[in-house]
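The file my_file_0.json contains JSON, C-alpha atoms and all ligand atoms:
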```
[["chain", "number", "residue", "atom", "x", "y", "z"],
["T", 290, "MET", "CA", 42.54, -17.81, 35.65],
["T", 291, "MET", "CA", 43.50, -14.82, 33.50],
["T", 292, "ASN", "CA", 42.65, -16.84, 30.43],
["T", 293, "LYS", "CA", 39.14, -17.56, 31.66],
["T", 294, "VAL", "CA", 38.61, -13.86, 32.38],
["T", 295, "GLY", "CA", 39.91, -13.07, 28.92],
["T", 296, "VAL", "CA", 37.49, -15.52, 27.29],
["T", 297, "LEU", "CA", 34.61, -14.18, 29.37],
["T", 298, "LEU", "CA", 35.42, -10.61, 28.32],
["T", 299, "GLY", "CA", 35.56, -11.75, 24.71],
["T", 300, "VAL", "CA", 32.11, -13.35, 24.99],
["T", 301, "LEU", "CA", 30.72, -10.22, 26.67],
["T", 302, "GLU", "CA", 32.11, -8.10, 23.86],
["T", 303, "ALA", "CA", 30.54, -10.34, 21.21],
["T", 304, "VAL", "CA", 27.18, -10.17, 23.00],
["T", 305, "THR", "CA", 27.43, -6.37, 23.18],
["T", 306, "ILE", "CA", 28.12, -6.17, 19.45],
["T", 307, "LEU", "CA", 25.13, -8.43, 18.71],
["T", 308, "ILE", "CA", 22.87, -6.29, 20.88],
["T", 309, "GLY", "CA", 24.27, -3.22, 19.14],
["T", 310, "VAL", "CA", 23.29, -4.58, 15.71],
["T", 311, "ASN", "CA", 19.80, -5.35, 16.98],
["T", 312, "ALA", "CA", 18.87, -1.69, 16.88],
["T", 313, "GLN", "CA", 16.11, -0.30, 19.03],
["T", 314, "THR", "CA", 12.87, 0.51, 17.22],
["T", 315, "VAL", "CA", 11.39, 4.00, 17.20],
["T", 316, "GLU", "CA", 7.62, 4.16, 17.19],
["T", 317, "LEU", "CA", 5.19, 7.03, 16.92],
["T", 318, "SER", "CA", 4.71, 7.18, 20.70],
["T", 319, "ASP", "CA", 8.48, 7.73, 21.14],
["T", 320, "LEU", "CA", 8.33, 10.66, 18.72],
["T", 321, "LEU", "CA", 5.31, 12.19, 20.44],
["T", 322, "ASN", "CA", 7.18, 11.93, 23.75],
["T", 323, "ARG", "CA", 10.18, 13.90, 22.48],
["T", 324, "ASP", "CA", 10.84, 16.78, 24.84],
["T", 325, "PRO", "CA", 12.43, 19.74, 22.96],
["T", 326, "GLU", "CA", 13.81, 21.20, 26.20],
["T", 327, "LYS", "CA", 15.54, 17.96, 27.10],
["T", 328, "ILE", "CA", 17.01, 17.75, 23.59],
["T", 329, "ALA", "CA", 18.28, 21.33, 23.83],
["T", 330, "GLU", "CA", 19.88, 20.40, 27.18],
["T", 331, "ILE", "CA", 21.57, 17.30, 25.70],
["T", 332, "MET", "CA", 22.86, 19.35, 22.73],
["T", 333, "LYS", "CA", 24.71, 21.61, 25.22],
["T", 334, "ARG", "CA", 26.37, 18.66, 27.01],
["T", 335, "VAL", "CA", 27.30, 16.48, 24.00],
["T", 336, "ASN", "CA", 30.68, 14.78, 24.54],
["T", 337, "VAL", "CA", 30.82, 11.85, 22.09],
["T", 338, "SER", "CA", 34.33, 10.54, 21.46],
["T", 339, "GLN", "CA", 35.61, 9.66, 18.00],
["T", 340, "VAL", "CA", 35.69, 5.97, 19.05],
["T", 341, "GLU", "CA", 32.04, 5.98, 20.17],
["T", 342, "TYR", "CA", 31.07, 7.82, 16.97],
["T", 343, "THR", "CA", 32.99, 5.43, 14.68],
["T", 344, "THR", "CA", 31.62, 2.35, 16.48],
["T", 345, "LYS", "CA", 27.97, 3.40, 16.30],
["T", 346, "MET", "CA", 28.30, 4.71, 12.75],
["T", 347, "GLY", "CA", 29.84, 1.34, 11.85],
["T", 348, "VAL", "CA", 26.74, -0.48, 13.12],
["T", 349, "TYR", "CA", 24.51, 2.01, 11.30],
["T", 350, "THR", "CA", 26.34, 1.85, 7.94],
["T", 351, "LYS", "CA", 26.31, -1.96, 8.13],
["T", 352, "MET", "CA", 22.53, -1.92, 8.66],
["T", 353, "THR", "CA", 22.03, 0.42, 5.69],
["T", 354, "GLN", "CA", 23.83, -1.96, 3.32],
["T", 355, "GLU", "CA", 20.71, -4.13, 3.00],
["T", 356, "THR", "CA", 18.43, -1.16, 2.31],
["T", 357, "SER", "CA", 17.88, 1.14, -0.66],
["T", 358, "ARG", "CA", 19.78, 3.90, 1.16],
["T", 359, "PRO", "CA", 23.29, 2.51, 1.79],
["T", 360, "ARG", "CA", 25.82, 4.76, 3.54],
["T", 361, "ARG", "CA", 29.54, 4.61, 4.26],
["T", 362, "LEU", "CA", 31.73, 6.57, 6.66],
["T", 363, "SER", "CA", 35.09, 8.03, 5.75],
["T", 364, "SER", "CA", 37.14, 9.58, 8.60],
["T", 365, "LEU", "CA", 39.96, 11.88, 7.52],
["T", 366, "SER", "CA", 42.96, 13.15, 9.46],
["T", 367, "PRO", "CA", 44.31, 16.60, 8.68],
["T", 368, "THR", "CA", 46.84, 16.75, 5.84],
["T", 369, "LYS", "CA", 48.50, 19.70, 7.59],
["T", 370, "VAL", "CA", 48.27, 21.51, 10.94],
["T", 371, "GLU", "CA", 49.61, 25.07, 11.27],
["T", 372, "GLY", "CA", 50.37, 26.66, 14.63],
["T", 373, "GLU", "CA", 49.93, 23.39, 16.54],
["T", 374, "GLY", "CA", 49.60, 23.98, 20.30],
["T", 375, "SER", "CA", 49.37, 27.78, 19.88],
["T", 376, "GLY", "CA", 45.68, 27.96, 20.74],
["T", 377, "ASN", "CA", 45.03, 29.33, 17.28],
["T", 378, "GLU", "CA", 45.52, 26.45, 14.86],
["T", 379, "VAL", "CA", 44.69, 25.97, 11.23],
["T", 380, "LEU", "CA", 43.76, 22.42, 10.27],
["T", 381, "ARG", "CA", 43.75, 21.48, 6.59],
["T", 382, "PHE", "CA", 41.77, 18.56, 5.23],
["T", 383, "SER", "CA", 41.52, 17.14, 1.76],
["T", 384, "LEU", "CA", 37.94, 16.09, 1.02],
["T", 385, "THR", "CA", 37.16, 13.63, -1.77],
["T", 386, "GLU", "CA", 34.00, 12.07, -3.29],
["T", 387, "LEU", "CA", 32.19, 15.38, -2.81],
["T", 388, "SER", "CA", 29.20, 14.60, -5.03],
["T", 389, "LEU", "CA", 28.44, 11.52, -2.91],
["T", 390, "THR", "CA", 29.02, 13.23, 0.44],
["T", 391, "GLU", "CA", 25.95, 14.00, 2.45],
["T", 392, "GLY", "CA", 27.54, 15.72, 5.42],
["T", 393, "ALA", "CA", 30.83, 16.41, 7.18],
["T", 394, "LEU", "CA", 31.33, 16.39, 10.93],
["T", 395, "LEU", "CA", 34.59, 17.67, 12.42],
["T", 396, "LYS", "CA", 35.41, 16.09, 15.77],
["T", 397, "MET", "CA", 38.30, 17.02, 18.06],
["T", 398, "PHE", "CA", 39.13, 16.81, 21.74],
["T", 399, "VAL", "CA", 39.81, 20.30, 23.12],
["T", 400, "MET", "CA", 41.61, 20.53, 26.48],
["T", 401, "GLY", "CA", 42.59, 23.42, 28.74],
["T", 402, "ALA", "CA", 40.33, 25.98, 27.06],
["T", 403, "SER", "CA", 37.76, 28.25, 28.67],
["T", 404, "SER", "CA", 36.02, 28.86, 25.33],
["T", 405, "VAL", "CA", 36.40, 27.70, 21.75],
["T", 406, "SER", "CA", 35.49, 29.10, 18.33],
["T", 407, "VAL", "CA", 35.75, 27.05, 15.15],
["T", 408, "TYR", "CA", 35.85, 28.78, 11.77],
["T", 409, "GLN", "CA", 35.75, 27.37, 8.28],
["T", 410, "VAL", "CA", 37.90, 29.38, 5.89],
["T", 411, "VAL", "CA", 36.04, 30.13, 2.66],
["T", 412, "SER", "CA", 37.81, 30.32, -0.71],
["T", 413, "ASP", "CA", 38.11, 34.15, -0.73],
["T", 414, "GLY", "CA", 39.87, 33.98, 2.67],
["T", 415, "SER", "CA", 36.88, 35.07, 4.74],
["T", 416, "GLU", "CA", 35.74, 32.87, 7.61],
["T", 417, "ALA", "CA", 32.43, 31.37, 8.67],
["T", 418, "LEU", "CA", 31.85, 30.49, 12.32],
["T", 419, "VAL", "CA", 30.79, 26.84, 12.40],
["T", 420, "ARG", "CA", 30.88, 26.20, 16.17],
["T", 421, "GLU", "CA", 31.25, 28.23, 19.32],
["T", 422, "ILE", "CA", 31.28, 27.08, 22.94],
["T", 423, "ALA", "CA", 31.39, 29.99, 25.38],
["T", 424, "GLU", "CA", 32.04, 27.95, 28.51],
["T", 425, "MET", "CA", 34.38, 25.00, 28.21],
["T", 426, "SER", "CA", 35.25, 22.53, 30.91],
["T", 427, "PRO", "CA", 39.07, 22.71, 31.32],
["T", 428, "GLY", "CA", 39.20, 18.89, 31.67],
["T", 429, "GLY", "CA", 38.36, 18.67, 27.99],
["T", 430, "LEU", "CA", 35.43, 18.06, 25.69],
["T", 431, "TRP", "CA", 34.80, 16.40, 22.32],
["T", 432, "VAL", "CA", 33.80, 19.39, 20.19],
["T", 433, "ASP", "CA", 31.62, 18.69, 17.13],
["T", 434, "SER", "CA", 31.32, 21.10, 14.19],
["T", 435, "HIS", "CA", 29.15, 20.49, 11.16],
["T", 436, "LEU", "CA", 31.10, 21.79, 8.16],
["T", 437, "ASN", "CA", 29.82, 23.42, 5.01],
["T", 438, "LEU", "CA", 30.51, 21.20, 2.03],
["T", 439, "PRO", "CA", 32.29, 22.77, -0.95],
["T", 440, "SER", "CA", 30.23, 22.61, -4.13],
["T", 441, "ALA", "CA", 30.77, 19.31, -5.95],
["T", 442, "SER", "CA", 29.93, 20.83, -9.32],
["T", 443, "ILE", "CA", 33.40, 22.44, -9.51],
["T", 444, "SER", "CA", 35.49, 19.45, -8.48],
["T", 445, "GLU", "CA", 35.16, 16.03, -6.83],
["T", 446, "SER", "CA", 37.82, 16.89, -4.28],
["T", 447, "SER", "CA", 38.62, 20.02, -2.36],
["T", 448, "GLU", "CA", 40.98, 21.37, 0.29],
["T", 449, "ILE", "CA", 39.31, 22.91, 3.29],
["T", 450, "ALA", "CA", 40.87, 24.90, 6.11],
["T", 451, "ILE", "CA", 39.51, 25.13, 9.64],
["T", 452, "ARG", "CA", 40.75, 27.64, 12.22],
["T", 453, "VAL", "CA", 40.35, 26.71, 15.87],
["T", 454, "ASP", "CA", 40.67, 29.57, 18.34],
["T", 455, "CYS", "CA", 40.71, 28.31, 21.93],
["T", 456, "GLY", "CA", 43.14, 30.49, 23.94],
["T", 457, "SER", "CA", 46.83, 30.15, 24.75],
["T", 458, "ASN", "CA", 46.82, 27.11, 27.06],
["T", 459, "CYS", "CA", 44.65, 24.88, 24.97],
["T", 460, "LYS", "CA", 45.36, 21.65, 23.16],
["T", 461, "VAL", "CA", 43.50, 20.38, 20.09],
["T", 462, "LEU", "CA", 43.77, 16.59, 20.00],
["T", 463, "GLU", "CA", 42.75, 13.94, 17.45],
["T", 464, "PRO", "CA", 40.97, 16.22, 14.98],
["T", 465, "SER", "CA", 39.19, 14.35, 12.21],
["T", 466, "VAL", "CA", 36.54, 15.05, 9.59],
["T", 467, "ASN", "CA", 33.89, 12.35, 9.28],
["T", 468, "LEU", "CA", 32.24, 12.20, 5.88],
["T", 469, "LEU", "CA", 28.94, 10.39, 5.48],
["T", 470, "ILE", "CA", 28.90, 9.04, 1.94],
["T", 471, "SER", "CA", 25.94, 7.74, -0.01],
["T", 472, "THR", "CA", 26.95, 4.58, -1.85],
["T", 473, "SER", "CA", 23.84, 3.72, -3.87],
["T", 474, "GLY", "CA", 25.11, 2.56, -7.24],
["T", 475, "GLY", "CA", 28.33, 4.52, -6.88],
["T", 476, "ARG", "CA", 26.61, 7.74, -7.88],
["T", 477, "PRO", "CA", 24.09, 10.05, -6.22],
["T", 478, "THR", "CA", 20.87, 8.57, -7.56],
["T", 479, "ARG", "CA", 17.37, 9.74, -6.86],
["T", 480, "GLN", "CA", 15.30, 6.83, -5.63],
["T", 481, "THR", "CA", 12.28, 6.24, -7.91],
["T", 482, "TYR", "CA", 8.97, 4.74, -6.87],
["T", 483, "LEU", "CA", 6.01, 3.21, -8.71],
["T", 484, "THR", "CA", 3.54, 5.99, -7.91],
["T", 485, "ASP", "CA", 5.95, 8.95, -8.33],
["T", 486, "CYS", "CA", 4.24, 12.17, -9.44],
["T", 487, "ALA", "CA", 7.20, 12.69, -11.77],
["T", 488, "ASN", "CA", 5.78, 9.86, -13.94],
["T", 489, "GLN", "CA", 2.65, 11.88, -14.74],
["T", 490, "ARG", "CA", 2.41, 14.24, -17.72],
["T", 491, "ASP", "CA", -0.44, 16.48, -16.59],
["T", 492, "LYS", "CA", 1.20, 18.39, -13.75],
["T", 493, "LEU", "CA", -1.87, 20.61, -13.18],
["T", 494, "ASN", "CA", -4.24, 17.69, -12.52],
["T", 495, "LEU", "CA", -2.03, 15.25, -10.67],
["T", 496, "GLN", "CA", -3.70, 11.95, -9.86],
["T", 497, "CYS", "CA", -2.91, 10.62, -6.38],
["T", 498, "CYS", "CA", 0.88, 10.17, -6.40],
["T", 499, "ARG", "CA", 4.10, 10.34, -4.39],
["T", 500, "GLN", "CA", 5.92, 13.66, -4.23],
["T", 501, "GLU", "CA", 9.52, 14.09, -3.13],
["T", 502, "MET", "CA", 9.96, 15.58, 0.36],
["T", 503, "MET", "CA", 13.60, 16.17, 1.29],
["T", 504, "VAL", "CA", 13.87, 16.26, 5.06],
["T", 505, "ILE", "CA", 16.97, 17.85, 6.58],
["T", 506, "PHE", "CA", 16.80, 16.75, 10.23],
["T", 507, "LYS", "CA", 18.91, 19.66, 11.50],
["T", 508, "LYS", "CA", 16.42, 22.14, 10.03],
["T", 509, "ILE", "CA", 13.32, 20.71, 11.69],
["T", 510, "GLY", "CA", 14.52, 20.76, 15.28],
["T", 511, "MET", "CA", 15.95, 17.22, 15.17],
["T", 512, "GLU", "CA", 19.62, 18.11, 15.49],
["T", 513, "ASP", "CA", 20.12, 15.07, 17.75],
["T", 514, "VAL", "CA", 19.85, 12.89, 14.62],
["T", 515, "LEU", "CA", 23.44, 12.47, 13.36],
["T", 516, "ALA", "CA", 22.81, 10.21, 10.37],
["T", 517, "PRO", "CA", 21.44, 10.35, 7.79],
["T", 518, "TYR", "CA", 21.68, 14.11, 7.30],
["T", 519, "ASN", "CA", 18.74, 14.14, 4.93],
["T", 520, "VAL", "CA", 16.26, 11.77, 3.41],
["T", 521, "ASP", "CA", 13.46, 11.87, 0.84],
["T", 522, "ALA", "CA", 10.59, 10.88, 3.15],
["T", 523, "GLY", "CA", 7.95, 11.64, 0.47],
["T", 524, "PHE", "CA", 4.31, 12.71, 0.78],
["T", 525, "CYS", "CA", 1.08, 11.97, -1.07],
["T", 526, "GLU", "CA", -0.82, 14.40, -3.22],
["T", 527, "GLY", "CA", -3.36, 14.46, -6.03],
["T", 528, "LEU", "CA", -6.90, 13.74, -7.15],
["T", 529, "CYS", "CA", -8.78, 10.52, -6.57],
["T", 530, "SER", "CA", -10.72, 9.58, -9.72],
["T", 531, "PRO", "CA", -12.54, 6.32, -10.44],
["T", 532, "ARG", "CA", -10.39, 3.37, -11.53],
["T", 533, "LEU", "CA", -7.12, 5.08, -10.72],
["T", 534, "ASN", "CA", -4.94, 3.92, -7.85],
["T", 535, "LEU", "CA", -7.70, 2.88, -5.41],
["T", 536, "ARG", "CA", -6.64, 1.12, -2.22],
["T", 537, "TYR", "CA", -9.83, -0.68, -1.16],
["T", 538, "GLU", "CA", -13.10, -1.93, -2.62],
["T", 539, "HIS", "CA", -14.69, 0.66, -0.35],
["T", 540, "THR", "CA", -12.72, 3.44, -2.06],
["T", 541, "TYR", "CA", -14.47, 2.65, -5.37],
["T", 542, "ILE", "CA", -17.88, 3.12, -3.71],
["T", 543, "GLN", "CA", -16.79, 6.38, -2.12],
["T", 544, "VAL", "CA", -15.66, 7.71, -5.50],
["T", 545, "LEU", "CA", -19.14, 6.97, -6.91],
["T", 546, "MET", "CA", -20.91, 8.41, -3.85],
["T", 547, "ASN", "CA", -18.88, 11.57, -4.28],
["T", 548, "ARG", "CA", -19.84, 11.76, -7.96],
["T", 549, "TYR", "CA", -23.58, 11.24, -7.39],
["T", 550, "PHE", "CA", -23.90, 13.01, -4.02],
["T", 551, "PRO", "CA", -21.01, 15.51, -3.85],
["T", 552, "LEU", "CA", -22.61, 17.48, -1.04],
["T", 553, "LYS", "CA", -22.97, 14.40, 1.13],
["T", 554, "THR", "CA", -19.69, 12.57, 0.48],
["T", 555, "PRO", "CA", -16.17, 13.97, -0.01],
["T", 556, "PRO", "CA", -13.80, 12.27, -2.47],
["T", 557, "PRO", "CA", -11.36, 9.71, -1.00],
["T", 558, "CYS", "CA", -7.99, 10.99, 0.26],
["T", 559, "CYS", "CA", -4.65, 10.39, -1.35],
["T", 560, "ALA", "CA", -2.57, 8.79, 1.42],
["T", 561, "PRO", "CA", 0.50, 6.61, 2.07],
["T", 562, "SER", "CA", -0.17, 2.95, 1.22],
["T", 563, "LYS", "CA", 3.39, 1.61, 1.58],
["T", 564, "LEU", "CA", 6.04, 2.77, 4.01],
["T", 565, "GLU", "CA", 9.59, 1.73, 4.82],
["T", 566, "SER", "CA", 11.61, 2.07, 7.98],
["T", 567, "LEU", "CA", 14.71, 4.24, 8.22],
["T", 568, "GLN", "CA", 17.94, 3.50, 10.07],
["T", 569, "VAL", "CA", 19.33, 6.43, 12.03],
["T", 570, "THR", "CA", 21.99, 7.27, 14.57],
["T", 571, "LYS", "CA", 21.20, 9.84, 17.20],
["T", 572, "LEU", "CA", 22.59, 11.20, 20.43],
["T", 573, "ASN", "CA", 21.51, 9.31, 23.52],
["T", 574, "ALA", "CA", 18.91, 11.30, 25.42],
["T", 575, "ASP", "CA", 20.40, 10.56, 28.85],
["T", 576, "ASP", "CA", 24.14, 10.00, 28.44],
["T", 577, "PRO", "CA", 25.99, 12.85, 26.63],
["T", 578, "THR", "CA", 28.88, 10.49, 25.73],
["T", 579, "LYS", "CA", 26.74, 7.91, 23.92],
["T", 580, "MET", "CA", 25.00, 7.48, 20.59],
["T", 581, "ASP", "CA", 22.13, 5.12, 19.67],
["T", 582, "VAL", "CA", 21.50, 3.24, 16.45],
["T", 583, "LEU", "CA", 17.77, 3.09, 15.76],
["T", 584, "ASN", "CA", 15.34, 1.57, 13.35],
["T", 585, "TRP", "CA", 12.61, 4.10, 12.76],
["T", 586, "ASN", "CA", 9.32, 2.44, 11.75],
["T", 587, "ASN", "CA", 7.10, 3.72, 8.89],
["T", 588, "MET", "CA", 9.36, 6.68, 8.18],
["T", 589, "ILE", "CA", 9.55, 6.74, 4.38],
["T", 590, "VAL", "CA", 6.47, 6.87, 2.14],
["T", 591, "THR", "CA", 7.20, 4.75, -0.91],
["T", 592, "GLU", "CA", 3.69, 4.52, -2.42],
["T", 593, "CYS", "CA", 0.45, 6.46, -2.33],
["T", 594, "GLN", "CA", -3.12, 5.39, -3.01],
["T", 595, "CYS", "CA", -6.63, 6.73, -2.59],
["T", 596, "VAL", "CA", -8.31, 5.56, 0.60],
["L", 601, "LIG", "C1", 34.28, 14.24, 27.89],
["L", 601, "LIG", "O1", 34.71, 12.91, 27.69],
["L", 601, "LIG", "C2", 36.10, 12.68, 27.93],
["L", 601, "LIG", "C3", 36.39, 11.23, 27.64],
["L", 601, "LIG", "O2", 36.07, 10.93, 26.30],
["L", 601, "LIG", "C4", 36.45, 13.03, 29.37],
["L", 601, "LIG", "O3", 37.83, 12.91, 29.58],
["L", 601, "LIG", "C5", 36.01, 14.48, 29.65],
["L", 601, "LIG", "O4", 36.23, 14.79, 31.00],
["L", 601, "LIG", "C6", 34.53, 14.66, 29.33],
["L", 601, "LIG", "N1", 34.18, 16.07, 29.49],
["L", 601, "LIG", "C7", 33.13, 16.46, 30.21],
["L", 601, "LIG", "C8", 32.91, 17.93, 30.29],
["L", 601, "LIG", "O5", 32.39, 15.69, 30.78]]
```

Could you write out this file's structure as structure tokens?
Ligand SMILES: *[C@@H]1O[C@H](CO)[C@@H](O)[C@H](O)[C@H]1NC(C)=O
Amino acid sequence: MMNKVGVLLGVLEAVTILIGVNAQTVELSDLLNRDPEKIAEIMKRVNVSQVEYTTKMGVYTKMTQETSRPRRLSSLSPTKVEGEGSGNEVLRFSLTELSLTEGALLKMFVMGASSVSVYQVVSDGSEALVREIAEMSPGGLWVDSHLNLPSASISESSEIAIRVDCGSNCKVLEPSVNLLISTSGGRPTRQTYLTDCANQRDKLNLQCCRQEMMVIFKKIGMEDVLAPYNVDAGFCEGLCSPRLNLRYEHTYIQVLMNRYFPLKTPPPCCAPSKLESLQVTKLNADDPTKMDVLNWNNMIVTECQCV
């Protein structure tokens, strides 16, 4: 009997993993339905465990392996903890592969605190507040802090110190720093595309081309996106002249109409002609302990043409 239950659980687990890999697809209507107030509410209640984070990031990083934007996760334990259990601890971590690291998320389970402040100690000894929760549930909460990455130009590895101030009765459990690492070609490469503006010599009269557009999700009100931290989503810009980079037969006629009757017909527009989807992980909008792995349709502009 127990054996059968065990087998059944095993099958259920396998099915769950398969469903997990089959990521949900984000479409434009989902984005238009985003409710900023609901997201702000979720951000206040986030309680994602290290296990949930590692599991979902595992599905995500696996999906990215087949794309042009592969990612890898590296979870680090502290190399040293000072003042453990005192409610005012210093956690030291040794970060490596800095030039490939896109972002660092410190996770820890904080128990028995009524408030918590997390500081990152800067090289001159001064501190930067990286997370503050004024009202903590004494039962405990997974506290997330996005860390500032040391500059990679000085060295590929660096020691960082974090001070956690959470009052005398508090416990800081399972702290770890999760590094999201870009693995494309083993070095941080800029993706290049056929219609890149960078390929053109005459920068003052750009012909319809793809410009770089670095999107940092946290800075455009999408802090519920946990990975990737940033992406070159691109945009299209430039003039539409005859013979160059025309998408349709119609576009050729519109170019001529614009030349002969400029007051009647505008020139064609330089617009995305090829797009790729982007894999992301984000916080679940309904359950503060869960993350989702998503496939976001038509997110990256890879080529531009006149239309
Ligand atoms: C957060 O999740 C942990 C389990 O991972 C649970 O023990 C704790 O009570 C939760 N905290 C809140 C405030 O819901």

For Tyr482 of chain T, work out the shell of residues within 9 Å, counting all atoms listed in the file and skipping chain neighbours fewer than 4 positions away, then give it as a ChimeraX atom specification.
/T:499,591-592

With distances taken over all atoms listed in the file, which of T:Leu468, T:Val432, T:Ala417, T:Ala423 is nearest to ligand LIG 601 (chain L)?
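Between T:Leu468, T:Val432, T:Ala417, T:Ala423, the residue approaching ligand LIG 601 (chain L) most closely is T:Val432.
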
With distances taken over all atoms listed in the file, the candidate from T:Glu378, T:Asp513, T:Glu526, T:Glu341 nearest Asp575 of chain T is T:Asp513

With the cut-off set at 10 Å and counting only C-alpha atoms and all ligand atoms, tabulate each residue of chain T with an atom at most that distance from an atom of ligand LIG 601 (chain L), showing the nearest atom pair and its distance in Å to one decimal, ordered by chain and increasing number, as a tab-separated table.
```
residue	atom	partner	partner_atom	distance
T:Arg334	CA	L:LIG601	C8	7.4
T:Val335	CA	L:LIG601	C1	8.3
T:Asn336	CA	L:LIG601	C1	4.9
T:Val337	CA	L:LIG601	O2	6.8
T:Ser338	CA	L:LIG601	O2	5.2
T:Gln339	CA	L:LIG601	O2	8.4
T:Val340	CA	L:LIG601	O2	8.8
T:Glu341	CA	L:LIG601	O2	8.8
T:Phe398	CA	L:LIG601	C2	8.0
T:Val399	CA	L:LIG601	C1	9.5
T:Met400	CA	L:LIG601	C5	8.8
T:Met425	CA	L:LIG601	C8	7.5
T:Ser426	CA	L:LIG601	C8	5.2
T:Pro427	CA	L:LIG601	C8	7.9
T:Gly428	CA	L:LIG601	O4	5.1
T:Gly429	CA	L:LIG601	C5	5.1
T:Leu430	CA	L:LIG601	N1	4.5
T:Trp431	CA	L:LIG601	C1	6.0
T:Val432	CA	L:LIG601	C1	9.3
T:Pro577	CA	L:LIG601	O5	8.1
T:Thr578	CA	L:LIG601	O1	6.6
```

Please determine, counting all atoms listed in the file, which residue among T:Leu436, T:Ile451, T:Val569, T:Val370 has the shortest atom-to-atom distance to Tyr408 of chain T.
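Distance minimum relative to Tyr408 of chain T lands on T:Ile451.
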
Between T:Leu515, T:Val407, T:Glu421, T:Leu321, which is the closest to Leu572 of chain T once you count all atoms listed in the file?
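Checking each of T:Leu515, T:Val407, T:Glu421, T:Leu321 against Leu572 of chain T, counting all atoms listed in the file, the winner is T:Leu515.
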
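The spacing separating atom CA of His539 of chain T from atom CA of Lys563 of chain T amounts to 18.2 Å.
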
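Candidate residues T:Cys529, T:Val582, T:Leu545, T:Cys459 were compared for distance to Val596 of chain T, and the nearest is T:Cys529, using only C-alpha atoms.
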
Near Arg381 of chain T, within 12 Å and counting all atoms listed in the file, which residues show up once chain neighbours fewer than 4 positions away are dropped, as an MDAnalysis selection string?
chainID T and resid 365:373 395 408:410 447:453 464:466

Can you measure atom CA of Arg323 of chain T to atom CA of Lys351 of chain T for me? One decimal in Å is fine.
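Interatomic distance here is 26.8 Å.
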
Considering only C-alpha atoms, return as a PyMOL selection string whatever protein or nucleic-acid residues lie within 12 Å of Ser363 of chain T, sequence-local ones (same chain, fewer than 2 positions apart) excluded.
chain T and resi 342-343+346-347+350+360-361+365-366+383-387+389-395+465-472

How about saving the chosen residues, C-alpha atoms kept, as a PDB file, keeping the file's coordinate frame?
```pdb
ATOM      1  CA  TYR T 342      31.070   7.820  16.970  1.00  0.00           C
ATOM      2  CA  THR T 343      32.990   5.430  14.680  1.00  0.00           C
ATOM      3  CA  MET T 346      28.300   4.710  12.750  1.00  0.00           C
ATOM      4  CA  GLY T 347      29.840   1.340  11.850  1.00  0.00           C
ATOM      5  CA  THR T 350      26.340   1.850   7.940  1.00  0.00           C
ATOM      6  CA  ARG T 360      25.820   4.760   3.540  1.00  0.00           C
ATOM      7  CA  ARG T 361      29.540   4.610   4.260  1.00  0.00           C
ATOM      8  CA  LEU T 365      39.960  11.880   7.520  1.00  0.00           C
ATOM      9  CA  SER T 366      42.960  13.150   9.460  1.00  0.00           C
ATOM     10  CA  SER T 383      41.520  17.140   1.760  1.00  0.00           C
ATOM     11  CA  LEU T 384      37.940  16.090   1.020  1.00  0.00           C
ATOM     12  CA  THR T 385      37.160  13.630  -1.770  1.00  0.00           C
ATOM     13  CA  GLU T 386      34.000  12.070  -3.290  1.00  0.00           C
ATOM     14  CA  LEU T 387      32.190  15.380  -2.810  1.00  0.00           C
ATOM     15  CA  LEU T 389      28.440  11.520  -2.910  1.00  0.00           C
ATOM     16  CA  THR T 390      29.020  13.230   0.440  1.00  0.00           C
ATOM     17  CA  GLU T 391      25.950  14.000   2.450  1.00  0.00           C
ATOM     18  CA  GLY T 392      27.540  15.720   5.420  1.00  0.00           C
ATOM     19  CA  ALA T 393      30.830  16.410   7.180  1.00  0.00           C
ATOM     20  CA  LEU T 394      31.330  16.390  10.930  1.00  0.00           C
ATOM     21  CA  LEU T 395      34.590  17.670  12.420  1.00  0.00           C
ATOM     22  CA  SER T 465      39.190  14.350  12.210  1.00  0.00           C
ATOM     23  CA  VAL T 466      36.540  15.050   9.590  1.00  0.00           C
ATOM     24  CA  ASN T 467      33.890  12.350   9.280  1.00  0.00           C
ATOM     25  CA  LEU T 468      32.240  12.200   5.880  1.00  0.00           C
ATOM     26  CA  LEU T 469      28.940  10.390   5.480  1.00  0.00           C
ATOM     27  CA  ILE T 470      28.900   9.040   1.940  1.00  0.00           C
ATOM     28  CA  SER T 471      25.940   7.740  -0.010  1.00  0.00           C
ATOM     29  CA  THR T 472      26.950   4.580  -1.850  1.00  0.00           C
TER      30      THR T 472
END
```

Need the shell around Leu533 of chain T: protein/DNA/RNA residues with any atom at most 9 Å away, counting all atoms listed in the file. Skip same-chain ones fewer than 4 positions apart. Format as a PyMOL selection string?
chain T and resi 496-497+529+594-595

Please compute the atom CA of Thr484 of chain T-atom CA of Ser562 of chain T distance, one decimal, in Å.
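Taking atom CA of Thr484 of chain T as the start and atom CA of Ser562 of chain T as the end point, the length is 10.3 Å.
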
Measuring atom to atom with all atoms listed in the file, identify which of T:Ile443, T:Lys571, T:Leu320, T:Cys593 is nearest to Lys345 of chain T.
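The shortest atom-to-atom distance to Lys345 of chain T comes from T:Lys571.
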
Find the spatial neighbours of Asp521 of chain T, counting all atoms listed in the file, within a cut-off of 8 Å - ignore same-chain residues fewer than 6 positions away - and output them as a PyMOL selection string.
chain T and resi 501-504+589

Find the residues with any atom within 6 Å of (4.7, 12.4, -5.4); use only C-alpha atoms and the coordinates as given in the file, and write the answer as a PyMOL selection string.
chain T and resi 485-486+498-501+525

Mind writing the picked residues with C-alpha atoms as a short mmCIF file (atom, residue, chain, number, x, y, z; two decimals), keeping the file's coordinate frame?
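Written file, again19.cif:
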```
data_model
loop_
_atom_site.label_atom_id
_atom_site.label_comp_id
_atom_site.auth_asym_id
_atom_site.auth_seq_id
_atom_site.Cartn_x
_atom_site.Cartn_y
_atom_site.Cartn_z
CA ASP T 485 5.95 8.95 -8.33
CA CYS T 486 4.24 12.17 -9.44
CA CYS T 498 0.88 10.17 -6.40
CA ARG T 499 4.10 10.34 -4.39
CA GLN T 500 5.92 13.66 -4.23
CA GLU T 501 9.52 14.09 -3.13
CA CYS T 525 1.08 11.97 -1.07
#
```
